[in-house]
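J.: Here you go, my_file04.txt (compact mmCIF, C-alpha atoms and all ligand atoms):
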```
# COMPACT_ATOMS: atom_id res chain seq x y z
CA MET A 4 0.00 0.00 0.00
CA ARG A 5 1.39 3.37 -0.99
CA ARG A 6 0.80 6.12 1.53
CA PRO A 7 -1.00 9.00 -0.22
CA ILE A 8 0.58 12.43 -0.61
CA ILE A 9 -1.50 15.59 -0.65
CA ALA A 10 0.74 18.48 -1.67
CA GLY A 11 -0.11 22.17 -1.98
CA ASN A 12 1.85 24.23 -4.50
CA TRP A 13 1.36 27.90 -3.73
CA LYS A 14 3.34 29.04 -6.79
CA MET A 15 4.04 32.82 -6.78
CA ASN A 16 1.32 33.55 -4.22
CA MET A 17 1.19 34.38 -0.51
CA LEU A 18 3.13 36.87 1.55
CA ILE A 19 4.79 36.09 4.86
CA SER A 20 1.72 37.38 6.69
CA THR A 21 -0.84 35.42 4.66
CA ALA A 22 1.29 32.27 4.79
CA ALA A 23 1.38 32.46 8.58
CA GLU A 24 -2.40 32.93 8.70
CA TRP A 25 -2.91 29.92 6.41
CA VAL A 26 -0.92 27.67 8.75
CA GLU A 27 -2.77 28.95 11.79
CA GLU A 28 -6.11 28.34 10.08
CA ILE A 29 -5.34 24.80 8.99
CA LEU A 30 -3.80 23.77 12.30
CA GLY A 31 -6.75 25.34 14.09
CA LYS A 32 -9.11 22.76 12.59
CA SER A 33 -9.57 19.28 13.99
CA PRO A 34 -6.39 17.18 13.78
CA LEU A 35 -5.06 16.55 10.29
CA SER A 36 -5.39 13.03 8.97
CA ASP A 37 -2.43 10.86 9.84
CA SER A 38 -3.04 8.47 6.97
CA VAL A 39 -1.66 10.80 4.29
CA ASP A 40 1.59 12.73 3.88
CA ILE A 41 0.76 16.44 3.80
CA ILE A 42 3.18 18.74 2.03
CA VAL A 43 3.09 22.46 1.39
CA ALA A 44 5.35 24.33 -1.05
CA PRO A 45 5.40 28.05 -0.20
CA PRO A 46 7.42 30.61 -2.13
CA PHE A 47 11.02 30.85 -0.87
CA THR A 48 10.31 34.04 1.05
CA ALA A 49 7.67 32.32 3.19
CA LEU A 50 9.59 29.10 3.92
CA ALA A 51 10.93 30.36 7.23
CA VAL A 52 7.61 31.48 8.65
CA VAL A 53 5.82 28.33 7.50
CA ARG A 54 8.58 26.17 8.94
CA GLU A 55 8.29 27.91 12.27
CA ARG A 56 4.48 27.62 12.38
CA ILE A 57 4.24 23.96 11.27
CA GLU A 58 6.79 22.79 13.83
CA GLY A 59 5.47 19.73 15.65
CA SER A 60 2.61 19.28 13.17
CA ARG A 61 2.23 16.69 10.43
CA ILE A 62 2.83 19.15 7.59
CA LEU A 63 6.04 18.79 5.61
CA LEU A 64 7.75 21.55 3.68
CA ALA A 65 8.74 21.61 0.00
CA GLY A 66 10.62 24.00 -2.24
CA GLN A 67 9.00 24.88 -5.56
CA ASN A 68 12.24 24.80 -7.54
CA MET A 69 16.03 24.88 -7.13
CA GLY A 70 19.14 25.44 -9.18
CA PRO A 71 20.99 22.64 -11.00
CA GLU A 72 24.33 23.22 -9.27
CA ALA A 73 25.39 22.49 -5.72
CA GLU A 74 26.62 26.03 -4.99
CA GLY A 75 28.53 28.95 -6.41
CA ALA A 76 28.16 31.98 -8.66
CA ARG A 77 24.52 31.63 -9.79
CA THR A 78 22.86 34.92 -8.89
CA GLY A 79 19.21 34.45 -8.02
CA GLU A 80 19.34 30.69 -7.59
CA VAL A 81 18.60 28.60 -4.51
CA SER A 82 20.42 25.30 -3.98
CA ALA A 83 19.23 21.93 -2.74
CA ALA A 84 21.35 22.36 0.40
CA MET A 85 19.68 25.74 1.03
CA LEU A 86 16.24 24.14 0.77
CA LYS A 87 17.26 21.47 3.24
CA ASP A 88 18.68 24.12 5.51
CA ALA A 89 15.35 25.99 5.29
CA GLY A 90 13.54 22.87 6.52
CA CYS A 91 12.37 21.33 3.23
CA ASN A 92 12.02 17.58 2.87
CA TYR A 93 10.81 17.84 -0.70
CA VAL A 94 11.31 19.86 -3.86
CA ILE A 95 8.98 20.15 -6.85
CA LEU A 96 10.92 19.76 -10.10
CA GLY A 97 9.94 19.82 -13.77
CA HIS A 98 6.70 21.72 -13.24
CA SER A 99 5.13 22.68 -16.58
CA GLU A 100 5.33 26.38 -15.64
CA ARG A 101 9.11 25.99 -15.29
CA ARG A 102 9.22 24.17 -18.62
CA GLN A 103 6.99 26.76 -20.33
CA PHE A 104 8.09 30.10 -18.86
CA PHE A 105 11.70 29.30 -17.94
CA ALA A 106 12.58 27.02 -20.84
CA GLU A 107 13.50 24.10 -18.59
CA THR A 108 14.44 21.04 -20.62
CA ASP A 109 14.33 17.37 -19.67
CA GLU A 110 18.12 17.47 -19.50
CA LEU A 111 18.14 20.36 -17.01
CA ILE A 112 15.39 18.74 -14.95
CA ASN A 113 17.42 15.51 -14.90
CA ARG A 114 20.41 17.38 -13.47
CA LYS A 115 18.22 18.98 -10.81
CA ILE A 116 16.63 15.65 -9.87
CA LYS A 117 20.01 14.02 -9.38
CA ILE A 118 21.47 16.84 -7.34
CA ALA A 119 18.36 17.07 -5.16
CA CYS A 120 18.54 13.35 -4.38
CA ASP A 121 22.27 13.54 -3.70
CA GLN A 122 21.63 16.33 -1.22
CA GLY A 123 18.95 14.29 0.56
CA LEU A 124 15.78 15.91 -0.75
CA ASN A 125 12.71 13.99 -1.89
CA ILE A 126 11.43 14.89 -5.33
CA ILE A 127 8.02 15.57 -6.80
CA PHE A 128 8.86 15.22 -10.48
CA CYS A 129 6.14 16.79 -12.64
CA LEU A 130 5.28 15.94 -16.20
CA GLY A 131 2.30 16.00 -18.53
CA GLU A 132 1.10 16.63 -22.05
CA SER A 133 -0.26 19.79 -23.70
CA LEU A 134 -3.75 19.99 -25.19
CA ASP A 135 -2.24 19.73 -28.64
CA ASP A 136 -0.42 16.53 -27.62
CA ARG A 137 -3.63 15.04 -26.25
CA ASP A 138 -5.71 16.05 -29.26
CA ASN A 139 -3.16 14.42 -31.52
CA ASP A 140 -2.99 11.23 -29.49
CA ARG A 141 0.57 11.84 -28.35
CA THR A 142 -0.04 11.76 -24.58
CA HIS A 143 1.76 8.48 -23.87
CA ASP A 144 4.69 9.36 -26.16
CA VAL A 145 5.19 12.75 -24.51
CA VAL A 146 4.93 11.34 -21.00
CA GLU A 147 7.35 8.56 -21.87
CA SER A 148 9.93 10.95 -23.25
CA GLN A 149 9.63 13.21 -20.19
CA LEU A 150 10.10 10.18 -17.94
CA ALA A 151 13.08 8.91 -19.92
CA GLY A 152 14.70 12.37 -20.05
CA GLY A 153 14.05 13.41 -16.48
CA LEU A 154 15.05 10.07 -15.00
CA ALA A 155 18.01 9.27 -17.29
CA ASP A 156 20.73 7.42 -15.31
CA PHE A 157 18.69 7.71 -12.14
CA ASP A 158 20.30 5.83 -9.27
CA THR A 159 17.90 3.04 -8.30
CA GLY A 160 19.19 3.33 -4.75
CA GLN A 161 17.39 6.68 -4.62
CA LEU A 162 13.99 5.47 -5.79
CA ASP A 163 12.47 5.95 -2.36
CA ARG A 164 13.09 9.69 -2.84
CA LEU A 165 11.01 9.84 -5.99
CA ALA A 166 7.36 10.79 -6.42
CA ILE A 167 5.90 11.67 -9.81
CA ALA A 168 3.12 14.17 -10.48
CA TYR A 169 1.13 13.72 -13.66
CA GLU A 170 -0.16 17.19 -14.50
CA PRO A 171 -1.75 17.58 -17.92
CA VAL A 172 -0.83 21.12 -18.98
CA TRP A 173 -4.36 21.77 -20.27
CA ALA A 174 -5.75 21.10 -16.79
CA ILE A 175 -3.42 23.37 -14.78
CA GLY A 176 -5.11 26.50 -13.54
CA THR A 177 -7.82 26.19 -16.19
CA GLY A 178 -10.65 24.64 -14.20
CA LEU A 179 -10.59 21.72 -16.66
CA ASN A 180 -9.50 18.68 -14.74
CA ALA A 181 -8.76 15.34 -16.31
CA SER A 182 -11.52 12.85 -15.58
CA PRO A 183 -10.55 10.11 -13.12
CA GLU A 184 -10.49 7.68 -16.07
CA GLN A 185 -8.20 9.91 -18.15
CA ALA A 186 -5.86 10.38 -15.20
CA GLN A 187 -5.88 6.68 -14.31
CA ASP A 188 -4.99 5.76 -17.89
CA VAL A 189 -1.82 7.89 -17.76
CA HIS A 190 -0.98 6.85 -14.20
CA ARG A 191 -1.18 3.21 -15.23
CA PHE A 192 1.07 3.98 -18.18
CA ILE A 193 3.61 5.71 -15.89
CA ARG A 194 3.55 2.79 -13.46
CA ALA A 195 4.12 0.30 -16.28
CA TRP A 196 7.07 2.40 -17.51
CA LEU A 197 8.59 2.51 -14.01
CA GLU A 198 8.20 -1.25 -13.70
CA LYS A 199 9.85 -1.79 -17.07
CA ILE A 200 12.83 0.44 -16.23
CA PHE A 201 13.36 -0.16 -12.53
CA GLY A 202 11.61 -3.50 -11.98
CA SER A 203 8.25 -4.01 -10.31
CA GLU A 204 9.60 -4.61 -6.84
CA ARG A 205 11.85 -1.55 -6.76
CA SER A 206 9.28 0.78 -8.23
CA ALA A 207 6.29 -0.50 -6.24
CA GLY A 208 6.59 2.23 -3.62
CA ILE A 209 6.83 5.19 -6.01
CA ARG A 210 3.83 7.44 -5.54
CA ILE A 211 2.19 8.96 -8.60
CA LEU A 212 0.19 12.12 -7.90
CA TYR A 213 -2.37 13.79 -10.12
CA GLY A 214 -2.40 17.58 -10.50
CA GLY A 215 -4.50 20.02 -12.49
CA SER A 216 -7.48 22.00 -11.16
CA VAL A 217 -8.02 19.64 -8.21
CA LYS A 218 -10.82 20.83 -5.94
CA PRO A 219 -12.41 19.34 -2.84
CA GLU A 220 -15.26 17.88 -4.88
CA THR A 221 -12.99 16.25 -7.47
CA SER A 222 -10.42 14.83 -5.05
CA ALA A 223 -12.24 11.70 -3.82
CA PRO A 224 -13.13 10.32 -7.28
CA LEU A 225 -9.54 10.87 -8.43
CA MET A 226 -8.11 9.22 -5.32
CA ALA A 227 -10.43 6.24 -5.79
CA GLU A 228 -8.50 5.23 -8.92
CA GLN A 229 -6.07 2.40 -8.43
CA ASP A 230 -2.89 4.12 -9.60
CA ILE A 231 -3.54 7.61 -8.22
CA ASP A 232 -1.52 7.88 -5.02
CA GLY A 233 -1.98 11.53 -4.22
CA LEU A 234 -2.75 15.02 -5.45
CA LEU A 235 -0.68 18.09 -6.26
CA VAL A 236 -2.95 21.05 -5.71
CA GLY A 237 -2.30 24.59 -6.93
CA GLY A 238 -5.10 27.15 -6.76
CA ALA A 239 -7.27 25.26 -4.28
CA SER A 240 -4.35 24.90 -1.86
CA LEU A 241 -4.28 28.66 -1.30
CA LYS A 242 -7.49 28.42 0.71
CA SER A 243 -6.83 26.53 3.92
CA ASP A 244 -10.48 25.32 4.02
CA TYR A 245 -10.25 23.78 0.57
CA PHE A 246 -6.88 22.20 1.25
CA TYR A 247 -8.15 20.77 4.52
CA ASP A 248 -11.18 19.29 2.76
CA ILE A 249 -9.00 17.81 0.02
CA ILE A 250 -6.85 16.12 2.68
CA ASN A 251 -9.94 14.69 4.36
CA PHE A 252 -11.59 13.55 1.14
CA SER A 253 -8.42 11.82 0.02
CA GLN A 254 -7.83 9.24 2.73
P1 LIG B 1 -3.88 24.01 -10.21
O1 LIG B 1 -2.28 23.81 -10.24
O2 LIG B 1 -4.41 23.10 -9.14
O3 LIG B 1 -4.08 25.46 -9.90
O4 LIG B 1 -4.39 23.62 -11.56
C1 LIG B 1 -1.70 22.55 -10.07
C2 LIG B 1 -0.22 22.63 -10.24
O5 LIG B 1 0.23 23.39 -11.12
O6 LIG B 1 0.55 21.98 -9.53
```
Give the structure from the file, written as structure tokens.
T.:
Amino acid sequence: MRRPIIAGNWKMNMLISTAAEWVEEILGKSPLSDSVDIIVAPPFTALAVVRERIEGSRILLAGQNMGPEAEGARTGEVSAAMLKDAGCNYVILGHSERRQFFAETDELINRKIKIACDQGLNIIFCLGESLDDRDNDRTHDVVESQLAGGLADFDTGQLDRLAIAYEPVWAIGTGLNASPEQAQDVHRFIRAWLEKIFGSERSAGIRILYGGSVKPETSAPLMAEQDIDGLLVGGASLKSDYFYDIINFSQ
């Protein structure tokens, strides 16, 4: 049994003050489910305040991105070691917004994934097809090439650090979510690929999350699918009430 992950990706939203309020609100509700891993990815500027406020709770911290080098002259970048130092257990890598707006390639994402693992971070590795890919029946091909590129030469000894988030680009921030059946189809495809490359035993524990316009009312049907092991939630994670409901509906 894979333990579900419910992760909130705040993207470029929330100030230090609103981030602190969010944590207070969510921890002020009845105890958070202990049958799922709960992760929140604030912007870098709010990591410290969120870390301080979640101390002793079940919420884990993630970075939204990091640089592909360990350290050095890279103005504006944040390293894996800095994320760890700031209290992160996880980092989100390969998000479609990084691919689209910051020209991140599979090769760059692969370097980031390896360095993050080497520095002891867990990864949420995002991938997914565009609407054009889906309309032209290229979903599996695109997902396969993102998997092969992002996980090239991945050290199998690090597989327990890896989670994958299937996020169809056409469903992110659009209100159009993939149906549970559409998501399950791609999740099953991803699982079969992982089994082929890493072996079924070694890859059995890898959690595959769905992301793209997840809301409280869509979370339970998605989580009911066999190969959906969690949710990566953008917009709806900004509201503590919604995120709390998604956690509860996803057990
Ligand atoms: P969304 O974002 O829930 O706002 O669609 C999901 C994501 O980009 O991770």
J.: For ligand LIG 1 (chain B), which residue among A:Ala207, A:Met226, A:Ala22, A:Ala44 is the nearest when counting all atoms listed in the file?
T.: A:Ala44
J.: Calculated over all atoms listed in the file, which of the candidates A:Val53, A:Ile116, A:Pro71, A:Ile126 has the smallest distance to Gly90 of chain A?
T.: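 For Gly90 of chain A, the nearest of the candidates is A:Val53.
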J.: Would you list the residues that come within 6 Å of ligand LIG 1 (chain B)? Count all atoms listed in the file and give the answer as a compact mmCIF listing (two decimals) with C-alpha atoms, in the coordinates of the input.
T.:
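Now in selection.txt:
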```txt
# COMPACT_ATOMS: atom_id res chain seq x y z
CA ASN A 12 1.85 24.23 -4.50
CA ALA A 174 -5.75 21.10 -16.79
CA ILE A 175 -3.42 23.37 -14.78
CA GLY A 176 -5.11 26.50 -13.54
CA GLY A 214 -2.40 17.58 -10.50
CA GLY A 215 -4.50 20.02 -12.49
CA SER A 216 -7.48 22.00 -11.16
CA VAL A 217 -8.02 19.64 -8.21
CA LEU A 235 -0.68 18.09 -6.26
CA VAL A 236 -2.95 21.05 -5.71
CA GLY A 237 -2.30 24.59 -6.93
CA GLY A 238 -5.10 27.15 -6.76
```
J.: From the options A:Val81, A:Glu24, A:Asp40, A:Lys87, which residue's atoms come nearest to Val52 of chain A, counting only C-alpha atoms?
T.: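 That would be A:Glu24, the residue with the smallest distance to Val52 of chain A.
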J.: Counting all atoms listed in the file, note down every residue that has an atom within 12 Å of the point (-5.2, 14.3, 8.4) (file coordinates), as a PyMOL selection string.
T.: chain A and resi 7-9+29-30+32-42+60-62+246-254
J.: Write the residues of the preceding selection, restricted to C-alpha atoms, as a PDB file, in the frame of the given file.
T.:
```pdb
ATOM      1  CA  PRO A   7      -1.000   9.000  -0.220  1.00  0.00           C
ATOM      2  CA  ILE A   8       0.580  12.430  -0.610  1.00  0.00           C
ATOM      3  CA  ILE A   9      -1.500  15.590  -0.650  1.00  0.00           C
ATOM      4  CA  ILE A  29      -5.340  24.800   8.990  1.00  0.00           C
ATOM      5  CA  LEU A  30      -3.800  23.770  12.300  1.00  0.00           C
ATOM      6  CA  LYS A  32      -9.110  22.760  12.590  1.00  0.00           C
ATOM      7  CA  SER A  33      -9.570  19.280  13.990  1.00  0.00           C
ATOM      8  CA  PRO A  34      -6.390  17.180  13.780  1.00  0.00           C
ATOM      9  CA  LEU A  35      -5.060  16.550  10.290  1.00  0.00           C
ATOM     10  CA  SER A  36      -5.390  13.030   8.970  1.00  0.00           C
ATOM     11  CA  ASP A  37      -2.430  10.860   9.840  1.00  0.00           C
ATOM     12  CA  SER A  38      -3.040   8.470   6.970  1.00  0.00           C
ATOM     13  CA  VAL A  39      -1.660  10.800   4.290  1.00  0.00           C
ATOM     14  CA  ASP A  40       1.590  12.730   3.880  1.00  0.00           C
ATOM     15  CA  ILE A  41       0.760  16.440   3.800  1.00  0.00           C
ATOM     16  CA  ILE A  42       3.180  18.740   2.030  1.00  0.00           C
ATOM     17  CA  SER A  60       2.610  19.280  13.170  1.00  0.00           C
ATOM     18  CA  ARG A  61       2.230  16.690  10.430  1.00  0.00           C
ATOM     19  CA  ILE A  62       2.830  19.150   7.590  1.00  0.00           C
ATOM     20  CA  PHE A 246      -6.880  22.200   1.250  1.00  0.00           C
ATOM     21  CA  TYR A 247      -8.150  20.770   4.520  1.00  0.00           C
ATOM     22  CA  ASP A 248     -11.180  19.290   2.760  1.00  0.00           C
ATOM     23  CA  ILE A 249      -9.000  17.810   0.020  1.00  0.00           C
ATOM     24  CA  ILE A 250      -6.850  16.120   2.680  1.00  0.00           C
ATOM     25  CA  ASN A 251      -9.940  14.690   4.360  1.00  0.00           C
ATOM     26  CA  PHE A 252     -11.590  13.550   1.140  1.00  0.00           C
ATOM     27  CA  SER A 253      -8.420  11.820   0.020  1.00  0.00           C
ATOM     28  CA  GLN A 254      -7.830   9.240   2.730  1.00  0.00           C
TER      29      GLN A 254
END
```
